[in-house]
Structures are given as C-alpha cells and as structure tokens.
Amino acid sequence: MFPPQRLSVLSFHTSPLAPLGGRESGGMNVYVREVSAHLARGGAAVDVFTRRTDPFQPAVLTMAPGVRLVHIDAGPPERLEKEALQPLAGAFARGVADFARLDGVDYDLVHSHYWLAVEAGALLAREWDVPHVAMFHTLAEVKLLARSSEREPQSRREAERRLVHEVDRIVAATEHERVLLDQVYGVPRDRVDVIPLGVDRDRFRPRAQLDARRSLGLDPQARVLLAAGRIEPLKGLDILIESLAQLPGHERLQLLIVGGDERAEPEIARLRAVAHAAGVDALVRFVGPVPHEEIGVYYNAADVVVVPSFYESFGLVAAEAMASGVPVVASRVGGLTSTVADGRSGYLIPWRCPGPFAEKIDLLLENRPLREALGAAAARSMERYEWSAVAGGLLDLYASLLRDRAAGPAAQPALAHA
C-alpha cells in the first residue's frame, strides 16, 4: 500500500483530453493528463474519471501507459454549463463506485480536481474509507477578491468553504495559494502541501523563431505578442488590447490570442469592440483553440508572451512560454509572482491598467539583446519544473496519508449510496 497501488483521479467537469482554450479547458486539463502519466510511470495504476459529454465516447480508453480514462454517465451525455453540474455530483460518484465494483478493483486513494469533483470525491472517499486529496485549481472567494465584478454562484462559495475542511489534504501549486487557504478559508497550513506544477521541457524549449514563424505563416520581421488560454473577463485581455494603443509604433505589430471556443464568442465580440474603440483592431488576431501539442510553435514564434490576468493560481502559460525561452510580461498576482522573476525572466506589472503593460512590452520589443537575455534566463529558471517531480511529490504525499490511515483508528464509516 505504500506507495499506493491504484488511484482514482476525478476530473468531473472536464476531460483531460479536451482541446485547450475552451471555457472549461486549460491548465487543469494539462495537469491531470501529465501528472496521471507520470504517476503511472512511478508504479501506480491510475484511473481518471470524467463525465460523459458525448454518447459515442468509449466507456474506457487508454490515455497513457498505465492510465485509463473512464467516461461516467451523469446527466445527459452532452456538454453542460458548470453551474448545472453540482446536482449531478452524487450520480457521478455513484457511477464511479459502480465501475469499480463491476471492474473488481479497489482504490487506495481518491484525488479530486476542482470543487465539483471534490463534492463527488468526498462521497467516494467515505464509502471506500480511503484518504481524499483535493486540488481546487481556482477558488471562488479568491477570484472575487481578485476581480470584484466576477460572478460566482453562492452554491459554489458555500461548497468550497465546507469541502476545504472535509478533505484529508489539499495540494496547492504555490505558497501564495497556501497562504490564501489559511487567510480566506481558515485551512491550517499543515493540511496544505505545496507542490509546484511542471512543464514538459521536451515539448516547450527554445527553438528558432524564424522556423516557427514560417510554419505559422507569420511575417519573419513582425513584432509578435502572444496571449493564450481561456477567453474570459478574468484573463484581462482588454487591458492587453488597450495597451497596444499606447505603444509608440504599430508597424508590423501583431497580437495573437490563442484560445476560446463557441461559448467564448460573446467575450471575443466584446474584445473586438475594445480593439475597435482603441483603434488597434487591425493588430489583433483571434487564433482560436490550439491543441496543446501544437501550441509550442506559437510560443517560439513570439517576441513576448503577455499574461494580464486578474488572477492565476500558478500560470501554466507563463511557465510554458518561459521554458520556450520567451520573456513574459504578466500581472503581479497569484502564482505568477512565484513563476516570473521580475526583471530577470520577464516583468511583473502591479497595476491593472494598460500603461505599465505598454511600457514593458515596448522595452522588450525595442531591445533585442534584453529580450534574448531575459528569454534565456526564463528557460533556465524552468529547469526545476518537471512533471516527474510533481508526480514524485504526490506519491510521497499519498504514501504519508496511507501510512497515517493504517497506523490510526478506522476513519469515518462508509456512506450509504448517494
């Protein structure tokens, strides 16, 4: 049992194989996929459970050696808004339990990702009498603190305040997140393990910019800015677009925005209006979603990657860009303060307004030696962020919880079927 032999990983609201840049797909999808593969390499059998969103999805498929992706029926087999999923948490948990029973497997531990999965994971952990580890990725109260106009359902806020105290351990990507869990939610710091995210440095590494631009059909002489990820107000893309108007020259300047799906169209329309009002609509190109295995070429084609978010729990886009040897200009918020070294691998902007972003972007665009020096330093700084190290930290945590469970009295009794 030490380390665990079989793990149940819950990714209820989104599949780790979903294309990135959609409303529910981003860094968490990458995390679940990469960590599961490396946990399996560390000797654990991993089953990742996600809700079926298409009637033609196979019940079980192999996601990586030693990793199965299991589609669970919970509600109609179609894509639903996250707000509609909380009432389905019990059905999802029941589906996972039924799969385990029919497949004849026992799980040593449950690891849940995002609050909706934590709801389901709490039921399973009690029923199976196993430890429950949670990674929330984002928290409603923290998002509201970062951007007062953000909207979060009261049901989520109440659930998270309860769930953070029900799980055996919370995994946070940064020390900043552990502090927030203490200050905002009252979670003792010894119940939170800080395990930084990883970067696939075989996929994201410095490569020739000219080759990357040729493959994307970009002007070799252009000044290229890149933003990537979900397209939503919290990402602050309007600030970036407005900053273009404050740059001294627009010749051959282009901003590529990667991400978004059909549900992002209202926000894209708003951003197009912002660009038109600022007189920079000709400079902004919405690329749409790009598969994760292909986004590296966009990083390599860029002169600067900009992350103007109001909040980021870690900032995977920034980390991947830096591993690719590209300097980052980012908001001084959340996990970005741990990822980007201000003045050494990029710049952190403390004010959420266009002027300071424009100042640092212009500095990098106009000073190639500085840009290259910061990019090289950025790539070096990412050498310690390996997915294998993330998986190793998790396996150590799992083993510790299992040892404590074996040494102590029996935990909570199993729950009746949800």
# chains A, B, ... in the order shown; residues from 1 in each chain; ligands from 1
call {"tool": "residues_around", "arguments": {"residues": "Val280 in chain A", "least_positions_apart": "4", "cutoff": "9 Å", "atoms": "only C-alpha atoms", "output": "ChimeraX atom specification"}}
result
/A:241-242,244-245,250,274-276,284
call {"tool": "write_last_selection", "arguments": {"atoms": "all heavy atoms", "output": "PDB file, in the first residue's frame"}}
result
ATOM      1  N   ILE A 241      -5.174  44.539 -24.911  1.00  0.00           N
ATOM      2  CA  ILE A 241      -5.554  45.156 -26.179  1.00  0.00           C
ATOM      3  C   ILE A 241      -5.433  46.675 -26.096  1.00  0.00           C
ATOM      4  O   ILE A 241      -4.899  47.330 -27.011  1.00  0.00           O
ATOM      5  CB  ILE A 241      -6.982  44.725 -26.559  1.00  0.00           C
ATOM      6  CG1 ILE A 241      -6.982  43.231 -26.944  1.00  0.00           C
ATOM      7  CG2 ILE A 241      -7.525  45.566 -27.707  1.00  0.00           C
ATOM      8  CD1 ILE A 241      -8.360  42.632 -27.121  1.00  0.00           C
ATOM      9  N   GLU A 242      -5.899  47.250 -25.012  1.00  0.00           N
ATOM     10  CA  GLU A 242      -5.802  48.708 -24.858  1.00  0.00           C
ATOM     11  C   GLU A 242      -4.351  49.174 -24.750  1.00  0.00           C
ATOM     12  O   GLU A 242      -4.029  50.300 -25.133  1.00  0.00           O
ATOM     13  CB  GLU A 242      -6.600  49.142 -23.634  1.00  0.00           C
ATOM     14  CG  GLU A 242      -8.112  49.020 -23.827  1.00  0.00           C
ATOM     15  CD  GLU A 242      -8.892  49.337 -22.562  1.00  0.00           C
ATOM     16  OE1 GLU A 242      -8.270  49.342 -21.476  1.00  0.00           O
ATOM     17  OE2 GLU A 242     -10.109  49.573 -22.670  1.00  0.00           O
ATOM     18  N   LEU A 244      -1.958  48.169 -26.529  1.00  0.00           N
ATOM     19  CA  LEU A 244      -1.392  48.299 -27.873  1.00  0.00           C
ATOM     20  C   LEU A 244      -1.474  49.735 -28.360  1.00  0.00           C
ATOM     21  O   LEU A 244      -0.580  50.218 -29.065  1.00  0.00           O
ATOM     22  CB  LEU A 244      -2.141  47.377 -28.853  1.00  0.00           C
ATOM     23  CG  LEU A 244      -2.126  45.879 -28.573  1.00  0.00           C
ATOM     24  CD1 LEU A 244      -2.883  45.133 -29.673  1.00  0.00           C
ATOM     25  CD2 LEU A 244      -0.703  45.350 -28.462  1.00  0.00           C
ATOM     26  N   ALA A 245      -2.574  50.412 -28.012  1.00  0.00           N
ATOM     27  CA  ALA A 245      -2.757  51.799 -28.456  1.00  0.00           C
ATOM     28  C   ALA A 245      -1.702  52.726 -27.862  1.00  0.00           C
ATOM     29  O   ALA A 245      -1.461  53.814 -28.402  1.00  0.00           O
ATOM     30  CB  ALA A 245      -4.155  52.274 -28.095  1.00  0.00           C
ATOM     31  N   HIS A 250       3.186  51.013 -34.484  1.00  0.00           N
ATOM     32  CA  HIS A 250       2.359  49.841 -34.766  1.00  0.00           C
ATOM     33  C   HIS A 250       2.816  49.089 -36.012  1.00  0.00           C
ATOM     34  O   HIS A 250       2.201  48.102 -36.396  1.00  0.00           O
ATOM     35  CB  HIS A 250       0.896  50.264 -34.941  1.00  0.00           C
ATOM     36  CG  HIS A 250       0.271  50.760 -33.675  1.00  0.00           C
ATOM     37  ND1 HIS A 250      -0.936  51.418 -33.650  1.00  0.00           N
ATOM     38  CD2 HIS A 250       0.693  50.716 -32.385  1.00  0.00           C
ATOM     39  CE1 HIS A 250      -1.245  51.745 -32.401  1.00  0.00           C
ATOM     40  NE2 HIS A 250      -0.256  51.344 -31.616  1.00  0.00           N
ATOM     41  N   VAL A 274     -13.515  46.457 -27.969  1.00  0.00           N
ATOM     42  CA  VAL A 274     -12.453  47.182 -27.251  1.00  0.00           C
ATOM     43  C   VAL A 274     -11.334  47.558 -28.220  1.00  0.00           C
ATOM     44  O   VAL A 274     -10.827  48.690 -28.212  1.00  0.00           O
ATOM     45  CB  VAL A 274     -11.911  46.323 -26.090  1.00  0.00           C
ATOM     46  CG1 VAL A 274     -10.655  46.947 -25.491  1.00  0.00           C
ATOM     47  CG2 VAL A 274     -12.971  46.142 -25.004  1.00  0.00           C
ATOM     48  N   ALA A 275     -10.937  46.599 -29.069  1.00  0.00           N
ATOM     49  CA  ALA A 275      -9.873  46.860 -30.037  1.00  0.00           C
ATOM     50  C   ALA A 275     -10.281  47.949 -31.027  1.00  0.00           C
ATOM     51  O   ALA A 275      -9.469  48.823 -31.379  1.00  0.00           O
ATOM     52  CB  ALA A 275      -9.526  45.570 -30.780  1.00  0.00           C
ATOM     53  N   HIS A 276     -11.540  47.912 -31.476  1.00  0.00           N
ATOM     54  CA  HIS A 276     -12.011  48.922 -32.427  1.00  0.00           C
ATOM     55  C   HIS A 276     -12.005  50.308 -31.779  1.00  0.00           C
ATOM     56  O   HIS A 276     -11.561  51.292 -32.394  1.00  0.00           O
ATOM     57  CB  HIS A 276     -13.419  48.556 -32.904  1.00  0.00           C
ATOM     58  CG  HIS A 276     -13.984  49.535 -33.878  1.00  0.00           C
ATOM     59  ND1 HIS A 276     -13.555  49.612 -35.190  1.00  0.00           N
ATOM     60  CD2 HIS A 276     -14.937  50.506 -33.729  1.00  0.00           C
ATOM     61  CE1 HIS A 276     -14.218  50.575 -35.814  1.00  0.00           C
ATOM     62  NE2 HIS A 276     -15.058  51.139 -34.948  1.00  0.00           N
ATOM     63  N   VAL A 284      -4.972  42.883 -33.934  1.00  0.00           N
ATOM     64  CA  VAL A 284      -5.381  41.773 -33.062  1.00  0.00           C
ATOM     65  C   VAL A 284      -5.940  40.621 -33.896  1.00  0.00           C
ATOM     66  O   VAL A 284      -6.848  40.817 -34.711  1.00  0.00           O
ATOM     67  CB  VAL A 284      -6.436  42.228 -32.046  1.00  0.00           C
ATOM     68  CG1 VAL A 284      -6.816  41.081 -31.112  1.00  0.00           C
ATOM     69  CG2 VAL A 284      -5.917  43.423 -31.237  1.00  0.00           C
TER      70      VAL A 284
END
call {"tool": "residues_around", "arguments": {"residues": "range 105-117 of chain A", "least_positions_apart": "4", "cutoff": "6 Å", "atoms": "only C-alpha atoms", "output": "list in words"}}
result
Pro4, Arg6, Leu7, Ser8, Val9, Leu10, Ser11, Phe12, Ala100, Gly121, Val130, Pro131, His132, Val133, Ala134, Met135, Phe136 and His137 of chain A
call {"tool": "closest_atom_pairs", "arguments": {"of": "range 271-383 of chain A", "to": "range 147-161 of chain A", "cutoff": "10 Å", "atoms": "only C-alpha atoms", "output": "CSV"}}
result
residue,atom,partner,partner_atom,distance
A:Ser309,CA,A:Arg147,CA,9.9
A:Phe310,CA,A:Arg147,CA,6.4
A:Tyr311,CA,A:Arg147,CA,8.1
call {"tool": "atom_distance", "arguments": {"atom1": "CA of Asp303 in chain A", "atom2": "CA of Val224 in chain A"}}
result
5.4 Å
call {"tool": "residues_around", "arguments": {"residues": "Tyr31 in chain A", "least_positions_apart": "5", "cutoff": "10 Å", "atoms": "only C-alpha atoms", "output": "PyMOL selection string"}}
result
chain A and resi 16+26+36-37+113+137+197-199+316+387+390
call {"tool": "write_last_selection", "arguments": {"atoms": "N, CA and C atoms", "output": "compact mmCIF listing (two decimals), in the first residue's frame"}}
result
# COMPACT_ATOMS: atom_id res chain seq x y z
N PRO A 16 -9.51 15.50 -19.37
CA PRO A 16 -8.12 15.92 -19.59
C PRO A 16 -7.73 15.92 -21.06
N GLY A 26 -8.10 24.16 -19.70
CA GLY A 26 -6.91 24.99 -19.54
C GLY A 26 -5.84 24.23 -18.80
N SER A 36 -1.04 12.25 -14.30
CA SER A 36 -1.50 10.86 -14.33
C SER A 36 -0.49 9.97 -15.04
N ALA A 37 0.03 10.45 -16.17
CA ALA A 37 1.02 9.66 -16.90
C ALA A 37 2.28 9.43 -16.07
N HIS A 113 -10.05 16.91 -8.58
CA HIS A 113 -9.61 18.17 -9.17
C HIS A 113 -10.80 19.08 -9.43
N HIS A 137 -7.52 24.19 -7.82
CA HIS A 137 -7.11 24.92 -9.03
C HIS A 137 -7.54 26.38 -8.98
N LEU A 197 3.60 23.14 -10.15
CA LEU A 197 3.27 22.47 -11.40
C LEU A 197 4.53 22.18 -12.19
N GLY A 198 4.38 21.41 -13.24
CA GLY A 198 5.51 21.07 -14.09
C GLY A 198 5.36 21.62 -15.49
N VAL A 199 6.41 21.45 -16.27
CA VAL A 199 6.44 21.84 -17.67
C VAL A 199 7.11 20.72 -18.45
N LEU A 316 0.33 28.50 -15.91
CA LEU A 316 1.00 27.49 -16.74
C LEU A 316 1.43 28.08 -18.08
N TRP A 387 7.42 17.49 -14.62
CA TRP A 387 6.23 16.72 -14.23
C TRP A 387 6.59 15.50 -13.41
N VAL A 390 6.65 16.61 -9.90
CA VAL A 390 5.29 16.77 -9.38
C VAL A 390 4.73 15.42 -8.96
call {"tool": "select_by_dssp", "arguments": {"residues": "range 204-258 of chain A", "states": "strand (DSSP E or B)", "output": "PyMOL selection string"}}
result
chain A and resi 223-228+253-258
call {"tool": "residues_around", "arguments": {"residues": "Glu267 in chain A", "least_positions_apart": "4", "cutoff": "8 Å", "atoms": "only C-alpha atoms", "output": "ChimeraX atom specification"}}
result
/A:231-233,271
call {"tool": "write_last_selection", "arguments": {"atoms": "N, CA and C atoms", "output": "compact mmCIF listing (two decimals), in the first residue's frame"}}
result
# COMPACT_ATOMS: atom_id res chain seq x y z
N ILE A 231 -10.64 32.42 -22.84
CA ILE A 231 -11.01 33.82 -23.11
C ILE A 231 -12.21 34.16 -22.25
N GLU A 232 -11.94 34.87 -21.17
CA GLU A 232 -12.96 35.25 -20.21
C GLU A 232 -12.49 36.54 -19.53
N PRO A 233 -13.40 37.30 -18.94
CA PRO A 233 -13.01 38.60 -18.36
C PRO A 233 -11.88 38.50 -17.34
N LEU A 271 -14.20 41.97 -26.84
CA LEU A 271 -12.80 42.34 -27.02
C LEU A 271 -12.56 42.97 -28.39
call {"tool": "residues_around", "arguments": {"residues": "Leu365 in chain A", "least_positions_apart": "3", "cutoff": "9 Å", "atoms": "only C-alpha atoms", "output": "JSON, numbers by chain"}}
result
{"A": [223, 224, 303, 304, 360, 361, 362, 368, 371]}
call {"tool": "select_by_dssp", "arguments": {"residues": "range 118-291 of chain A", "states": "alpha helix (DSSP H)", "output": "PyMOL selection string"}}
result
chain A and resi 118-128+140-146+154-163+175-185+209-216+237-244+265-278
call {"tool": "closest_residue", "arguments": {"among": "A:Ala146, A:Leu402, A:Val32, A:Val67", "to": "Ala44 in chain A", "atoms": "only C-alpha atoms"}}
result
A:Val67
call {"tool": "decode", "arguments": {"residues": "range 262-290 of chain A", "atoms": "C-alpha atoms", "output": "PDB file, in the first residue's frame"}}
result
ATOM      1  CA  GLU A 262     -18.008  28.935 -29.399  1.00  0.00           C
ATOM      2  CA  ARG A 263     -19.081  29.793 -25.855  1.00  0.00           C
ATOM      3  CA  ALA A 264     -16.378  32.464 -25.745  1.00  0.00           C
ATOM      4  CA  GLU A 265     -17.920  34.313 -28.705  1.00  0.00           C
ATOM      5  CA  PRO A 266     -19.651  36.983 -26.550  1.00  0.00           C
ATOM      6  CA  GLU A 267     -16.360  37.801 -24.819  1.00  0.00           C
ATOM      7  CA  ILE A 268     -14.498  37.762 -28.145  1.00  0.00           C
ATOM      8  CA  ALA A 269     -17.086  40.174 -29.550  1.00  0.00           C
ATOM      9  CA  ARG A 270     -16.564  42.449 -26.536  1.00  0.00           C
ATOM     10  CA  LEU A 271     -12.796  42.339 -27.018  1.00  0.00           C
ATOM     11  CA  ARG A 272     -13.151  43.128 -30.721  1.00  0.00           C
ATOM     12  CA  ALA A 273     -15.191  46.174 -29.713  1.00  0.00           C
ATOM     13  CA  VAL A 274     -12.453  47.182 -27.251  1.00  0.00           C
ATOM     14  CA  ALA A 275      -9.873  46.860 -30.037  1.00  0.00           C
ATOM     15  CA  HIS A 276     -12.011  48.922 -32.427  1.00  0.00           C
ATOM     16  CA  ALA A 277     -12.540  51.659 -29.834  1.00  0.00           C
ATOM     17  CA  ALA A 278      -8.787  51.768 -29.189  1.00  0.00           C
ATOM     18  CA  GLY A 279      -8.038  51.893 -32.918  1.00  0.00           C
ATOM     19  CA  VAL A 280      -5.998  48.682 -32.899  1.00  0.00           C
ATOM     20  CA  ASP A 281      -8.436  46.161 -34.368  1.00  0.00           C
ATOM     21  CA  ALA A 282      -6.088  45.560 -37.331  1.00  0.00           C
ATOM     22  CA  LEU A 283      -3.375  44.435 -34.916  1.00  0.00           C
ATOM     23  CA  VAL A 284      -5.381  41.773 -33.062  1.00  0.00           C
ATOM     24  CA  ARG A 285      -5.888  38.248 -34.392  1.00  0.00           C
ATOM     25  CA  PHE A 286      -8.024  35.658 -32.607  1.00  0.00           C
ATOM     26  CA  VAL A 287      -6.468  32.307 -33.486  1.00  0.00           C
ATOM     27  CA  GLY A 288      -8.991  30.056 -31.734  1.00  0.00           C
ATOM     28  CA  PRO A 289      -8.182  26.918 -29.716  1.00  0.00           C
ATOM     29  CA  VAL A 290      -4.924  25.103 -30.472  1.00  0.00           C
TER      30      VAL A 290
END
